[in-house]
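Here is the structure we will look at, set down as structure tokens.
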Amino acid sequence: MHAQYSEAPGTGSLLKGLNPEQHAAVTLPSGASLILAGAGSGKTRVLTTRIAWLMATGQVSPGGLMAVTFTNKAAKEMLHRLSAMLPVPVRGLWIGTFHGLCNRFLRAHWKLAGLPQSFQILDTADSLSAVKRVMKAMNVDEERFVPKQVSWFIAARKDNGERPKDVDAHDPQSRKMVEIYQAYEDQCQREGVVDFAELMLRTYELMRDNAALREHYQHRFAHILVDEFQDTNRLQYAWLKMFAPPGSPQSVFAVGDDDQSIYAFRGAQVGNMADFEREYRVKQVIKLERNYRSFGNILDSANALIAHNAKRLGKNLSTEAGPGEPVRVAEATSDYAEAQWLLDEAQQLHRSGTPRSEIAVLYRSNAQSRVVESALFNAGVPYRVYGGLRFFERAEVKHALAYLRLLENPNDDTSFLRVVNFPTRGIGARTIELLTDAGRASGRSLYQSVGAVVGKGGANLLAFTGLIDQLRERTRGLTLREIIEQMLDTSGLVDFYKAEKEGAERIENLGELVNAAEAFVTQEGFGKDAVALPVDETGGPGTLAVGLPPAPAAVDLTPDAETGEIVSPLAAFLTHAALEAGDNQAQAGQDAVQLMTVHSAKGLEFDCVFITGLEEALFPHENAMSDNDGLEEERRLMYVAITRARKRLYLSFSQTRLLHGQTRYNVKSRFLDELPEGALKWLTPRNAGFGSGYAKEYQQAWQRGTGLGSVVGAGRVAGRPAYTAPPAQPLPAAMQNKAGASHGLRVGQAVFHTKFGEGVVLTLEGNGPDARAQVNFGRHGAKWLALAIAKLTPVD
DNA sequence: TATCCTATTCTTTTT
DNA sequence: GAATAGGATA
């Protein structure tokens, strides 16, 4: 059957250039399939070509297909490539992120989902502040229940598909957590807001509980494709099963790489791949193992490393590109020296023709970026740091968005509280407390409760709601741009920042918000994501009835938005802001060295890659070293890092590192020992210890305080010293535990900590002000504590 | 009510 | 070291 399709006119060019495995994957017949796609094996190409091929051969209409990714970037990339292959109108295609598609679904069926039409989406920060509010209302001790952990707990339960009633809680602690979870849900429902996990869970539940709707969508989506399957969590897999249950006639095409699963820490279940294979009775798993990205030495290193993992489906990357350059390994005496060395190498690479944007510096944790940044900054090398604060997460932008959200949904208490007194208008904590009490007593939103506290200092509140109402009136019918400009003016935001010393940049960002809105309206066509699904290609909802039991009378399958209600550009823009937080601002366009964590490097590739900080406790990270699963995930992380490089790979580690304001003495990472000797080239003498080769040179330079090469006037960023000098003679790692133990603790000792309660000392390291202990606190897990700071009392 | 100072914590992150 | 939260103070 598929042979016939692949010979269909016009599809030949689509398939041209695919290797046999890729070709087989693209042209697989309907049914469930699992593609194990190694790093750099052309995964996205296979996915997009598959979609194009399905459409070009008439096996599916654009409306009958759904493709799910994790990131907006991946979704955009897919749409972009697809439109280059096929003249398909991209609009209306169900290709997007899990959350984006859920949003689309819930916008269409908001009534059935029990949501207000203008429901707002909470990002992580909004959600956290909502949790805090709930906890305050419940009088929960924030010492015992850390809001962040509660928030994390709720998200984790939802990602597992559990409502409060589903959570089994045996001890008082977790019972309380569940209680907070329930109260949080009630509050969100009351306010008409949903968090990210709720988007997924609502969609799943609506599909599960509404047979007619379920059958409609199962009928509609004949082909479902899932990208990065190894990153799916329980809920996402259950969600998929609602749209295409095992054994149904639908075709599910899952692509993933178990070796690149690096999100178990937030609920991803690698096991979903094996479950999928079994439950969907996948006949043949296709492995894409030919790598088109990296040279041999790089791939050999990656393969050798990942072979140390026990839990694998098994895969080995190969290339025909030849061995290429060896993987370079360097040891530095300090993180500072490491950064200087890196700077030098990067400069050299650039001088010999490598664009800066093809040089990436990867590290395990964000805190490591600072040293590198300083080095690059002082040398005048342009660089770009990924991660950190993104555009829509900036305080001033969030304030502006809060005003806009109140126009759409005044019951959004999170937004209300954010701006009710910003800029300050004489509404203090006391007034807010009164208002909150009134709201709680009547079960109404803060906005609705303002009337109840007028007279008790609520006059200013009335002025605020008046301002919002007036703004809503005045902006009716205006363009999005005009609405935002009005809001910035009326709210007093711009005036406020004008008066601030440091407000110029914030005003600039608010201007940027106007631009973003403008771009959104023109480029995207505002309603694209928010307006409901286009009518079914097969003839719309009418065809549903064929062969199906009659839908319950009360159930209207017509998407609610098609009943004539129009989604405003503002609503669409707010959704866009919540779901696509936008790139962190950057000197985009400029040729800059790329700095990012290994996590955020996933899916990217560069000619030259530096992996820095290859030290025990850092990479693998200390918090992940205690159990084997954690260690294997760290190894996969390293695998991801290595496979980012096309031509040249540098690995570096340092003897000392400044972390959390303290010098730490590190041992090189075990991962270095897991790489094949033959693929490596040591730039510093192997196991040479201190003061040798490169390292010595840099240490001396650094002791002179000048650095090397082009570093002139180094040492200052924004007026503050960039570095604190580490001790002149670092203590050899082997001696760490032996020097004077003034703290009087020993391994195995039972201790008490005011926060974590009782625990047992696992490890002792360092001495004097740097002394630290790893203590197992049972329920709280093992923690590293600085003994100079932490209050640890021995228990007998 | 607003602001300043100190105590406290500190992976990885997209949506 | 740096960011954030909470308490104390003007």
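Letters A, B, ... go to the chains of the structure tokens in the order shown; residues in each chain start at 1; ligands are counted from 1 in the same order.
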
Spatial neighbours of DT1 (chain B), 9 Å, only C-alpha atoms (C1' of nucleotides), chain gap at least 5 places, as a list of chain:residue names =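 Close residues of DT1 (chain B): A:Gly426, A:Ile427, A:Gly428, A:Ala429.
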
Residues from last step as file, N, CA and C atoms, as a compact mmCIF listing (two decimals), in the first residue's frame:
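File result-v2.txt, as written:
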```txt
# COMPACT_ATOMS: atom_id res chain seq x y z
N GLY A 426 -2.14 54.75 47.14
CA GLY A 426 -2.65 54.80 48.52
C GLY A 426 -3.47 53.61 48.95
N ILE A 427 -3.20 52.48 48.35
CA ILE A 427 -3.90 51.27 48.78
C ILE A 427 -2.88 50.36 49.43
N GLY A 428 -2.91 50.30 50.72
CA GLY A 428 -1.88 49.57 51.45
C GLY A 428 -2.31 48.19 51.88
N ALA A 429 -1.44 47.59 52.66
CA ALA A 429 -1.66 46.20 53.08
C ALA A 429 -2.97 46.05 53.84
```

message = Could you tell me which residues of chain C sit within 12 Å of chain A when counting only C-alpha atoms (C1' of nucleotides), and give me the result as a list in words?
response =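 Applying the cut-off to the listed atoms yields DG1, DA2, DA3, DA5 and DG6 of chain C.
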
Write the residues of the selection above to a file with N, CA, C and O atoms (P, O5', C5', C4', C3', O3' and C1' of nucleotides), as a PDB file, in the first residue's frame.
```
ATOM      1  P    DG C   1      31.679  38.325  46.494  1.00  0.00           P
ATOM      2  O5'  DG C   1      30.754  37.279  45.645  1.00  0.00           O
ATOM      3  C5'  DG C   1      30.874  37.197  44.249  1.00  0.00           C
ATOM      4  C4'  DG C   1      29.504  37.214  43.636  1.00  0.00           C
ATOM      5  C3'  DG C   1      28.706  38.476  43.838  1.00  0.00           C
ATOM      6  O3'  DG C   1      27.822  38.584  42.740  1.00  0.00           O
ATOM      7  C1'  DG C   1      27.588  36.737  44.892  1.00  0.00           C
ATOM      8  P    DA C   2      27.078  39.746  42.257  1.00  0.00           P
ATOM      9  O5'  DA C   2      25.906  39.026  41.390  1.00  0.00           O
ATOM     10  C5'  DA C   2      25.471  37.717  41.741  1.00  0.00           C
ATOM     11  C4'  DA C   2      23.961  37.724  41.975  1.00  0.00           C
ATOM     12  C3'  DA C   2      23.323  39.092  42.134  1.00  0.00           C
ATOM     13  O3'  DA C   2      21.969  38.927  41.892  1.00  0.00           O
ATOM     14  C1'  DA C   2      23.062  37.996  44.094  1.00  0.00           C
ATOM     15  P    DA C   3      21.024  39.944  41.121  1.00  0.00           P
ATOM     16  O5'  DA C   3      19.642  39.163  40.959  1.00  0.00           O
ATOM     17  C5'  DA C   3      19.571  37.735  41.079  1.00  0.00           C
ATOM     18  C4'  DA C   3      18.540  37.369  42.128  1.00  0.00           C
ATOM     19  C3'  DA C   3      17.430  38.421  42.327  1.00  0.00           C
ATOM     20  O3'  DA C   3      16.187  37.771  42.382  1.00  0.00           O
ATOM     21  C1'  DA C   3      18.391  37.867  44.400  1.00  0.00           C
ATOM     22  P    DA C   5      10.289  37.115  46.465  1.00  0.00           P
ATOM     23  O5'  DA C   5      10.052  36.835  48.024  1.00  0.00           O
ATOM     24  C5'  DA C   5      10.752  35.772  48.672  1.00  0.00           C
ATOM     25  C4'  DA C   5      10.873  36.107  50.135  1.00  0.00           C
ATOM     26  C3'  DA C   5       9.685  36.887  50.706  1.00  0.00           C
ATOM     27  O3'  DA C   5       9.363  36.369  51.983  1.00  0.00           O
ATOM     28  C1'  DA C   5      11.662  38.067  51.125  1.00  0.00           C
ATOM     29  P    DG C   6       7.920  36.589  52.572  1.00  0.00           P
ATOM     30  O5'  DG C   6       8.252  37.100  54.041  1.00  0.00           O
ATOM     31  C5'  DG C   6       9.314  36.512  54.794  1.00  0.00           C
ATOM     32  C4'  DG C   6       9.903  37.564  55.690  1.00  0.00           C
ATOM     33  C3'  DG C   6       8.859  38.434  56.386  1.00  0.00           C
ATOM     34  O3'  DG C   6       8.951  38.222  57.781  1.00  0.00           O
ATOM     35  C1'  DG C   6      10.606  39.753  55.434  1.00  0.00           C
TER      36       DG C   6
END
```

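When only C-alpha atoms (C1' of nucleotides) are used to compute distances to chain B, the closest of the residues A:Pro676, A:Gly451, A:Pro620, A:Pro323 turns out to be A:Pro620.
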
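Interatomic distance, CA of Met625 (chain A) against CA of Arg664 (chain A): 17.3 Å.
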
Residues of chain A near chain B: apply a cut-off of 9 Å, count only C-alpha atoms (C1' of nucleotides), and supply the list as a PDB file with N, CA and C atoms, in the first residue's frame.
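Listing of iface-v5.pdb after writing:
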```
ATOM      1  N   PHE A  70       7.111  20.087  22.012  1.00  0.00           N
ATOM      2  CA  PHE A  70       7.202  20.626  23.362  1.00  0.00           C
ATOM      3  C   PHE A  70       7.429  22.119  23.373  1.00  0.00           C
ATOM      4  N   THR A  71       8.196  22.592  22.423  1.00  0.00           N
ATOM      5  CA  THR A  71       8.523  24.007  22.450  1.00  0.00           C
ATOM      6  C   THR A  71       7.923  24.727  21.252  1.00  0.00           C
ATOM      7  N   ASN A  72       7.691  25.988  21.451  1.00  0.00           N
ATOM      8  CA  ASN A  72       7.190  26.807  20.356  1.00  0.00           C
ATOM      9  C   ASN A  72       8.181  26.849  19.209  1.00  0.00           C
ATOM     10  N   THR A  97       2.478  23.215  20.267  1.00  0.00           N
ATOM     11  CA  THR A  97       2.929  22.595  21.508  1.00  0.00           C
ATOM     12  C   THR A  97       1.736  21.935  22.198  1.00  0.00           C
ATOM     13  N   PHE A  98       2.026  21.027  23.093  1.00  0.00           N
ATOM     14  CA  PHE A  98       0.966  20.415  23.884  1.00  0.00           C
ATOM     15  C   PHE A  98       0.057  21.495  24.462  1.00  0.00           C
ATOM     16  N   HIS A  99       0.680  22.486  25.080  1.00  0.00           N
ATOM     17  CA  HIS A  99      -0.109  23.494  25.771  1.00  0.00           C
ATOM     18  C   HIS A  99      -0.848  24.400  24.792  1.00  0.00           C
ATOM     19  N   GLY A 100      -0.191  24.705  23.690  1.00  0.00           N
ATOM     20  CA  GLY A 100      -0.836  25.538  22.686  1.00  0.00           C
ATOM     21  C   GLY A 100      -2.084  24.868  22.124  1.00  0.00           C
ATOM     22  N   ASP A 123       1.323  31.926  34.340  1.00  0.00           N
ATOM     23  CA  ASP A 123       2.643  31.326  34.163  1.00  0.00           C
ATOM     24  C   ASP A 123       3.151  30.870  35.536  1.00  0.00           C
ATOM     25  N   PHE A 196      -0.390  26.211  33.608  1.00  0.00           N
ATOM     26  CA  PHE A 196       0.024  25.418  32.448  1.00  0.00           C
ATOM     27  C   PHE A 196      -0.468  23.976  32.520  1.00  0.00           C
ATOM     28  N   ALA A 197      -0.270  23.360  33.682  1.00  0.00           N
ATOM     29  CA  ALA A 197      -0.654  21.962  33.806  1.00  0.00           C
ATOM     30  C   ALA A 197      -2.169  21.797  33.679  1.00  0.00           C
ATOM     31  N   ILE A 262      16.186  14.320  29.353  1.00  0.00           N
ATOM     32  CA  ILE A 262      16.856  15.077  30.413  1.00  0.00           C
ATOM     33  C   ILE A 262      15.866  15.846  31.261  1.00  0.00           C
ATOM     34  N   TYR A 263      14.610  15.457  31.206  1.00  0.00           N
ATOM     35  CA  TYR A 263      13.606  16.182  31.968  1.00  0.00           C
ATOM     36  C   TYR A 263      12.833  15.303  32.942  1.00  0.00           C
ATOM     37  N   PHE A 265      13.389  15.084  35.897  1.00  0.00           N
ATOM     38  CA  PHE A 265      13.245  15.845  37.136  1.00  0.00           C
ATOM     39  C   PHE A 265      11.954  16.655  37.175  1.00  0.00           C
ATOM     40  N   ARG A 266      11.357  16.869  36.040  1.00  0.00           N
ATOM     41  CA  ARG A 266      10.075  17.560  36.090  1.00  0.00           C
ATOM     42  C   ARG A 266       8.952  16.680  35.527  1.00  0.00           C
ATOM     43  N   ARG A 364      26.572  23.426  33.205  1.00  0.00           N
ATOM     44  CA  ARG A 364      25.516  22.680  33.866  1.00  0.00           C
ATOM     45  C   ARG A 364      24.486  23.602  34.522  1.00  0.00           C
ATOM     46  N   SER A 365      24.981  24.621  35.209  1.00  0.00           N
ATOM     47  CA  SER A 365      24.032  25.479  35.918  1.00  0.00           C
ATOM     48  C   SER A 365      24.295  26.950  35.593  1.00  0.00           C
ATOM     49  N   ASN A 366      23.249  27.715  35.640  1.00  0.00           N
ATOM     50  CA  ASN A 366      23.310  29.110  35.226  1.00  0.00           C
ATOM     51  C   ASN A 366      24.358  29.933  35.953  1.00  0.00           C
ATOM     52  N   GLY A 426      -2.139  54.752  47.145  1.00  0.00           N
ATOM     53  CA  GLY A 426      -2.647  54.802  48.515  1.00  0.00           C
ATOM     54  C   GLY A 426      -3.474  53.614  48.951  1.00  0.00           C
ATOM     55  N   ILE A 427      -3.200  52.484  48.351  1.00  0.00           N
ATOM     56  CA  ILE A 427      -3.898  51.271  48.777  1.00  0.00           C
ATOM     57  C   ILE A 427      -2.879  50.360  49.433  1.00  0.00           C
ATOM     58  N   GLY A 428      -2.914  50.297  50.719  1.00  0.00           N
ATOM     59  CA  GLY A 428      -1.882  49.569  51.446  1.00  0.00           C
ATOM     60  C   GLY A 428      -2.312  48.194  51.878  1.00  0.00           C
ATOM     61  N   ALA A 429      -1.440  47.587  52.662  1.00  0.00           N
ATOM     62  CA  ALA A 429      -1.658  46.201  53.084  1.00  0.00           C
ATOM     63  C   ALA A 429      -2.973  46.046  53.843  1.00  0.00           C
ATOM     64  N   ALA A 578       1.277  34.575  27.371  1.00  0.00           N
ATOM     65  CA  ALA A 578       1.408  33.579  28.427  1.00  0.00           C
ATOM     66  C   ALA A 578       2.049  32.296  27.911  1.00  0.00           C
ATOM     67  N   LEU A 579       1.688  31.941  26.697  1.00  0.00           N
ATOM     68  CA  LEU A 579       2.109  30.645  26.172  1.00  0.00           C
ATOM     69  C   LEU A 579       3.449  30.700  25.446  1.00  0.00           C
ATOM     70  N   GLU A 580       3.764  31.853  24.922  1.00  0.00           N
ATOM     71  CA  GLU A 580       5.037  31.982  24.208  1.00  0.00           C
ATOM     72  C   GLU A 580       5.785  33.131  24.836  1.00  0.00           C
ATOM     73  N   ALA A 581       6.365  32.837  25.965  1.00  0.00           N
ATOM     74  CA  ALA A 581       6.973  33.881  26.775  1.00  0.00           C
ATOM     75  C   ALA A 581       7.954  34.740  25.984  1.00  0.00           C
ATOM     76  N   THR A 597      22.907  26.923  29.286  1.00  0.00           N
ATOM     77  CA  THR A 597      22.987  25.670  30.020  1.00  0.00           C
ATOM     78  C   THR A 597      22.856  24.525  29.025  1.00  0.00           C
ATOM     79  N   VAL A 598      23.289  23.355  29.448  1.00  0.00           N
ATOM     80  CA  VAL A 598      23.180  22.200  28.579  1.00  0.00           C
ATOM     81  C   VAL A 598      21.706  21.937  28.246  1.00  0.00           C
ATOM     82  N   HIS A 599      20.864  22.147  29.237  1.00  0.00           N
ATOM     83  CA  HIS A 599      19.440  21.906  28.990  1.00  0.00           C
ATOM     84  C   HIS A 599      18.915  22.751  27.827  1.00  0.00           C
ATOM     85  N   SER A 600      19.275  24.008  27.849  1.00  0.00           N
ATOM     86  CA  SER A 600      18.707  24.851  26.799  1.00  0.00           C
ATOM     87  C   SER A 600      19.415  24.663  25.462  1.00  0.00           C
ATOM     88  N   HIS A 621      25.833  16.832  38.745  1.00  0.00           N
ATOM     89  CA  HIS A 621      25.476  17.725  39.836  1.00  0.00           C
ATOM     90  C   HIS A 621      25.296  16.935  41.136  1.00  0.00           C
ATOM     91  N   GLU A 622      25.715  17.570  42.236  1.00  0.00           N
ATOM     92  CA  GLU A 622      25.695  16.857  43.518  1.00  0.00           C
ATOM     93  C   GLU A 622      24.296  16.369  43.899  1.00  0.00           C
ATOM     94  N   ASN A 623      23.288  17.160  43.547  1.00  0.00           N
ATOM     95  CA  ASN A 623      21.932  16.769  43.929  1.00  0.00           C
ATOM     96  C   ASN A 623      21.418  15.569  43.148  1.00  0.00           C
ATOM     97  N   ALA A 624      22.126  15.231  42.087  1.00  0.00           N
ATOM     98  CA  ALA A 624      21.644  14.129  41.256  1.00  0.00           C
ATOM     99  C   ALA A 624      22.521  12.895  41.411  1.00  0.00           C
ATOM    100  N   HIS A 660      28.447  30.020  45.198  1.00  0.00           N
ATOM    101  CA  HIS A 660      27.699  30.579  46.322  1.00  0.00           C
ATOM    102  C   HIS A 660      28.629  31.398  47.210  1.00  0.00           C
TER     103      HIS A 660
END
```

note = Taken to one decimal, the CA of Asp227 (chain A)-CA of Ser13 (chain A) distance is 23.7 Å

request  = For CA of Ala679 (chain A) and CA of Ala307 (chain A), quote the distance in Å rounded to one decimal.
outcome  = 15.5 Å

task = Using only C-alpha atoms (C1' of nucleotides), determine which residues lie at most 9 Å from Trp53 (chain A), disregarding the query and same-chain residues fewer than 2 positions distant; provide the list as a PyMOL selection string.
result = chain A and resi 5-6+11+14-15+26-27+48-51+55-59

Produce a file of the selected residues containing C-alpha atoms, as a PDB file, in the first residue's frame.
```pdb
ATOM      1  CA  TYR A   5       1.762   6.041  -2.307  1.00  0.00           C
ATOM      2  CA  SER A   6       5.419   6.738  -2.586  1.00  0.00           C
ATOM      3  CA  THR A  11       6.053  12.913  -3.923  1.00  0.00           C
ATOM      4  CA  LEU A  14       9.814  15.054  -1.201  1.00  0.00           C
ATOM      5  CA  LEU A  15      11.561  11.798  -0.483  1.00  0.00           C
ATOM      6  CA  VAL A  26       8.538   8.714   6.442  1.00  0.00           C
ATOM      7  CA  THR A  27       6.569   6.240   4.371  1.00  0.00           C
ATOM      8  CA  THR A  48       8.044  17.191   8.542  1.00  0.00           C
ATOM      9  CA  THR A  49       8.568  15.058   5.476  1.00  0.00           C
ATOM     10  CA  ARG A  50       6.187  12.526   6.925  1.00  0.00           C
ATOM     11  CA  ILE A  51       3.508  15.183   7.310  1.00  0.00           C
ATOM     12  CA  MET A  55      -0.816  15.144   2.693  1.00  0.00           C
ATOM     13  CA  ALA A  56       0.725  14.974  -0.758  1.00  0.00           C
ATOM     14  CA  THR A  57      -0.409  11.409  -1.167  1.00  0.00           C
ATOM     15  CA  GLY A  58      -3.882  12.294  -0.061  1.00  0.00           C
ATOM     16  CA  GLN A  59      -3.829  10.051   2.969  1.00  0.00           C
TER      17      GLN A  59
END
```

task = Within region 65-115 of chain A, find each residue whose DSSP state, derived from the backbone, is helix (DSSP H, G or I), and express the selection as a PyMOL selection string.
result = chain A and resi 72-85+98-108

With N, CA, C and O atoms retained, write the just-selected residues as an mmCIF file, in the first residue's frame.
```
data_model
loop_
_atom_site.group_PDB
_atom_site.id
_atom_site.type_symbol
_atom_site.label_atom_id
_atom_site.label_comp_id
_atom_site.auth_asym_id
_atom_site.auth_seq_id
_atom_site.Cartn_x
_atom_site.Cartn_y
_atom_site.Cartn_z
ATOM 1 N N ASN A 72 7.691 25.988 21.451
ATOM 2 C CA ASN A 72 7.190 26.807 20.356
ATOM 3 C C ASN A 72 8.181 26.849 19.209
ATOM 4 O O ASN A 72 7.794 26.882 18.049
ATOM 5 N N LYS A 73 9.438 26.837 19.581
ATOM 6 C CA LYS A 73 10.485 26.887 18.569
ATOM 7 C C LYS A 73 10.372 25.681 17.640
ATOM 8 O O LYS A 73 10.438 25.824 16.414
ATOM 9 N N ALA A 74 10.218 24.504 18.226
ATOM 10 C CA ALA A 74 10.111 23.292 17.421
ATOM 11 C C ALA A 74 8.870 23.333 16.540
ATOM 12 O O ALA A 74 8.903 22.933 15.370
ATOM 13 N N ALA A 75 7.781 23.839 17.097
ATOM 14 C CA ALA A 75 6.539 23.917 16.329
ATOM 15 C C ALA A 75 6.703 24.857 15.142
ATOM 16 O O ALA A 75 6.290 24.552 14.018
ATOM 17 N N LYS A 76 7.328 25.983 15.407
ATOM 18 C CA LYS A 76 7.523 26.967 14.339
ATOM 19 C C LYS A 76 8.415 26.410 13.243
ATOM 20 O O LYS A 76 8.152 26.583 12.055
ATOM 21 N N GLU A 77 9.479 25.738 13.698
ATOM 22 C CA GLU A 77 10.409 25.142 12.749
ATOM 23 C C GLU A 77 9.684 24.161 11.830
ATOM 24 O O GLU A 77 9.899 24.133 10.615
ATOM 25 N N MET A 78 8.823 23.381 12.440
ATOM 26 C CA MET A 78 8.097 22.373 11.675
ATOM 27 C C MET A 78 7.189 23.036 10.642
ATOM 28 O O MET A 78 7.157 22.642 9.471
ATOM 29 N N LEU A 79 6.456 24.045 11.072
ATOM 30 C CA LEU A 79 5.568 24.759 10.168
ATOM 31 C C LEU A 79 6.356 25.422 9.047
ATOM 32 O O LEU A 79 5.956 25.414 7.886
ATOM 33 N N HIS A 80 7.495 25.961 9.434
ATOM 34 C CA HIS A 80 8.332 26.658 8.464
ATOM 35 C C HIS A 80 8.805 25.719 7.356
ATOM 36 O O HIS A 80 8.648 25.984 6.170
ATOM 37 N N ARG A 81 9.342 24.577 7.794
ATOM 38 C CA ARG A 81 9.854 23.618 6.810
ATOM 39 C C ARG A 81 8.719 23.045 5.975
ATOM 40 O O ARG A 81 8.875 22.788 4.783
ATOM 41 N N LEU A 82 7.602 22.835 6.639
ATOM 42 C CA LEU A 82 6.469 22.243 5.950
ATOM 43 C C LEU A 82 5.986 23.148 4.833
ATOM 44 O O LEU A 82 5.710 22.694 3.714
ATOM 45 N N SER A 83 5.904 24.429 5.125
ATOM 46 C CA SER A 83 5.383 25.340 4.115
ATOM 47 C C SER A 83 6.347 25.445 2.945
ATOM 48 O O SER A 83 5.963 25.829 1.839
ATOM 49 N N ALA A 84 7.622 25.097 3.180
ATOM 50 C CA ALA A 84 8.577 25.082 2.081
ATOM 51 C C ALA A 84 8.396 23.845 1.199
ATOM 52 O O ALA A 84 8.739 23.843 0.026
ATOM 53 N N MET A 85 7.838 22.790 1.779
ATOM 54 C CA MET A 85 7.675 21.542 1.022
ATOM 55 C C MET A 85 6.355 21.490 0.277
ATOM 56 O O MET A 85 6.263 20.911 -0.795
ATOM 57 N N PHE A 98 2.026 21.027 23.093
ATOM 58 C CA PHE A 98 0.966 20.415 23.884
ATOM 59 C C PHE A 98 0.057 21.495 24.462
ATOM 60 O O PHE A 98 -1.171 21.436 24.334
ATOM 61 N N HIS A 99 0.680 22.486 25.080
ATOM 62 C CA HIS A 99 -0.109 23.494 25.771
ATOM 63 C C HIS A 99 -0.848 24.400 24.792
ATOM 64 O O HIS A 99 -1.985 24.784 25.044
ATOM 65 N N GLY A 100 -0.191 24.705 23.690
ATOM 66 C CA GLY A 100 -0.836 25.538 22.686
ATOM 67 C C GLY A 100 -2.084 24.868 22.124
ATOM 68 O O GLY A 100 -3.136 25.502 21.960
ATOM 69 N N LEU A 101 -1.976 23.589 21.840
ATOM 70 C CA LEU A 101 -3.120 22.863 21.293
ATOM 71 C C LEU A 101 -4.224 22.713 22.340
ATOM 72 O O LEU A 101 -5.415 22.830 22.022
ATOM 73 N N CYS A 102 -3.829 22.489 23.569
ATOM 74 C CA CYS A 102 -4.826 22.405 24.640
ATOM 75 C C CYS A 102 -5.560 23.730 24.779
ATOM 76 O O CYS A 102 -6.777 23.764 24.974
ATOM 77 N N ASN A 103 -4.791 24.795 24.695
ATOM 78 C CA ASN A 103 -5.415 26.101 24.773
ATOM 79 C C ASN A 103 -6.444 26.271 23.653
ATOM 80 O O ASN A 103 -7.560 26.708 23.878
ATOM 81 N N ARG A 104 -6.061 25.882 22.473
ATOM 82 C CA ARG A 104 -6.958 26.007 21.337
ATOM 83 C C ARG A 104 -8.238 25.195 21.572
ATOM 84 O O ARG A 104 -9.346 25.647 21.309
ATOM 85 N N PHE A 105 -8.027 24.023 22.092
ATOM 86 C CA PHE A 105 -9.138 23.126 22.397
ATOM 87 C C PHE A 105 -10.073 23.744 23.437
ATOM 88 O O PHE A 105 -11.295 23.769 23.273
ATOM 89 N N LEU A 106 -9.473 24.283 24.487
ATOM 90 C CA LEU A 106 -10.298 24.831 25.571
ATOM 91 C C LEU A 106 -10.962 26.146 25.178
ATOM 92 O O LEU A 106 -12.048 26.466 25.656
ATOM 93 N N ARG A 107 -10.311 26.900 24.295
ATOM 94 C CA ARG A 107 -10.951 28.120 23.808
ATOM 95 C C ARG A 107 -12.190 27.750 23.005
ATOM 96 O O ARG A 107 -13.182 28.458 22.999
ATOM 97 N N ALA A 108 -12.075 26.629 22.294
ATOM 98 C CA ALA A 108 -13.210 26.201 21.479
ATOM 99 C C ALA A 108 -14.328 25.632 22.338
ATOM 100 O O ALA A 108 -15.507 25.800 22.034
#
```

query = What's the 12 Å shell around Arg214 (chain A), counting only C-alpha atoms (C1' of nucleotides), without same-chain residues fewer than 2 positions away, as a VMD selection string?
reply = chain A and resid 105 203 to 212 216 to 221 239 to 245 544 548 551 555 557

message = So that I can check the surroundings of region 390-393 of chain A, please list as number ranges by chain every protein, DNA and RNA residue that reaches within 12 Å of it, counting only C-alpha atoms (C1' of nucleotides) and ignoring chain neighbours fewer than 5 positions away.
response = A: 122-126, 385, 398-402, 506, 508-513, 516-517, 573-586

Would you write out those residues with C-alpha atoms, as a tab-separated table (two decimals), in the first residue's frame?
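Generated file (selection_12.tsv):
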```tsv
chain	number	residue	atom	x	y	z
A	122	LEU	CA	-1.04	31.74	34.75
A	123	ASP	CA	2.64	31.33	34.16
A	124	THR	CA	4.83	29.74	36.82
A	125	ALA	CA	5.35	32.99	38.69
A	126	ASP	CA	1.64	33.85	38.64
A	385	VAL	CA	23.32	34.43	27.23
A	398	LYS	CA	3.95	41.78	33.63
A	399	HIS	CA	2.45	44.87	35.19
A	400	ALA	CA	1.28	46.06	31.83
A	401	LEU	CA	-0.14	42.66	31.00
A	402	ALA	CA	-1.95	42.59	34.34
A	506	ARG	CA	11.68	49.76	31.54
A	508	GLU	CA	11.85	51.01	26.49
A	509	ASN	CA	10.51	47.56	27.25
A	510	LEU	CA	7.00	48.90	27.47
A	511	GLY	CA	7.53	50.39	24.06
A	512	GLU	CA	8.76	47.01	22.98
A	513	LEU	CA	5.49	45.55	24.22
A	516	ALA	CA	5.31	42.99	20.03
A	517	ALA	CA	1.58	43.54	19.88
A	573	PHE	CA	-2.42	38.55	22.43
A	574	LEU	CA	-2.66	37.78	26.14
A	575	THR	CA	-2.73	34.09	25.36
A	576	HIS	CA	0.27	34.53	23.14
A	577	ALA	CA	2.12	36.33	25.92
A	578	ALA	CA	1.41	33.58	28.43
A	579	LEU	CA	2.11	30.65	26.17
A	580	GLU	CA	5.04	31.98	24.21
A	581	ALA	CA	6.97	33.88	26.77
A	582	GLY	CA	9.17	35.11	23.96
A	583	ASP	CA	12.89	35.00	23.67
A	584	ASN	CA	14.94	36.70	26.27
A	585	GLN	CA	15.95	39.97	24.86
A	586	ALA	CA	19.20	39.68	23.08
```
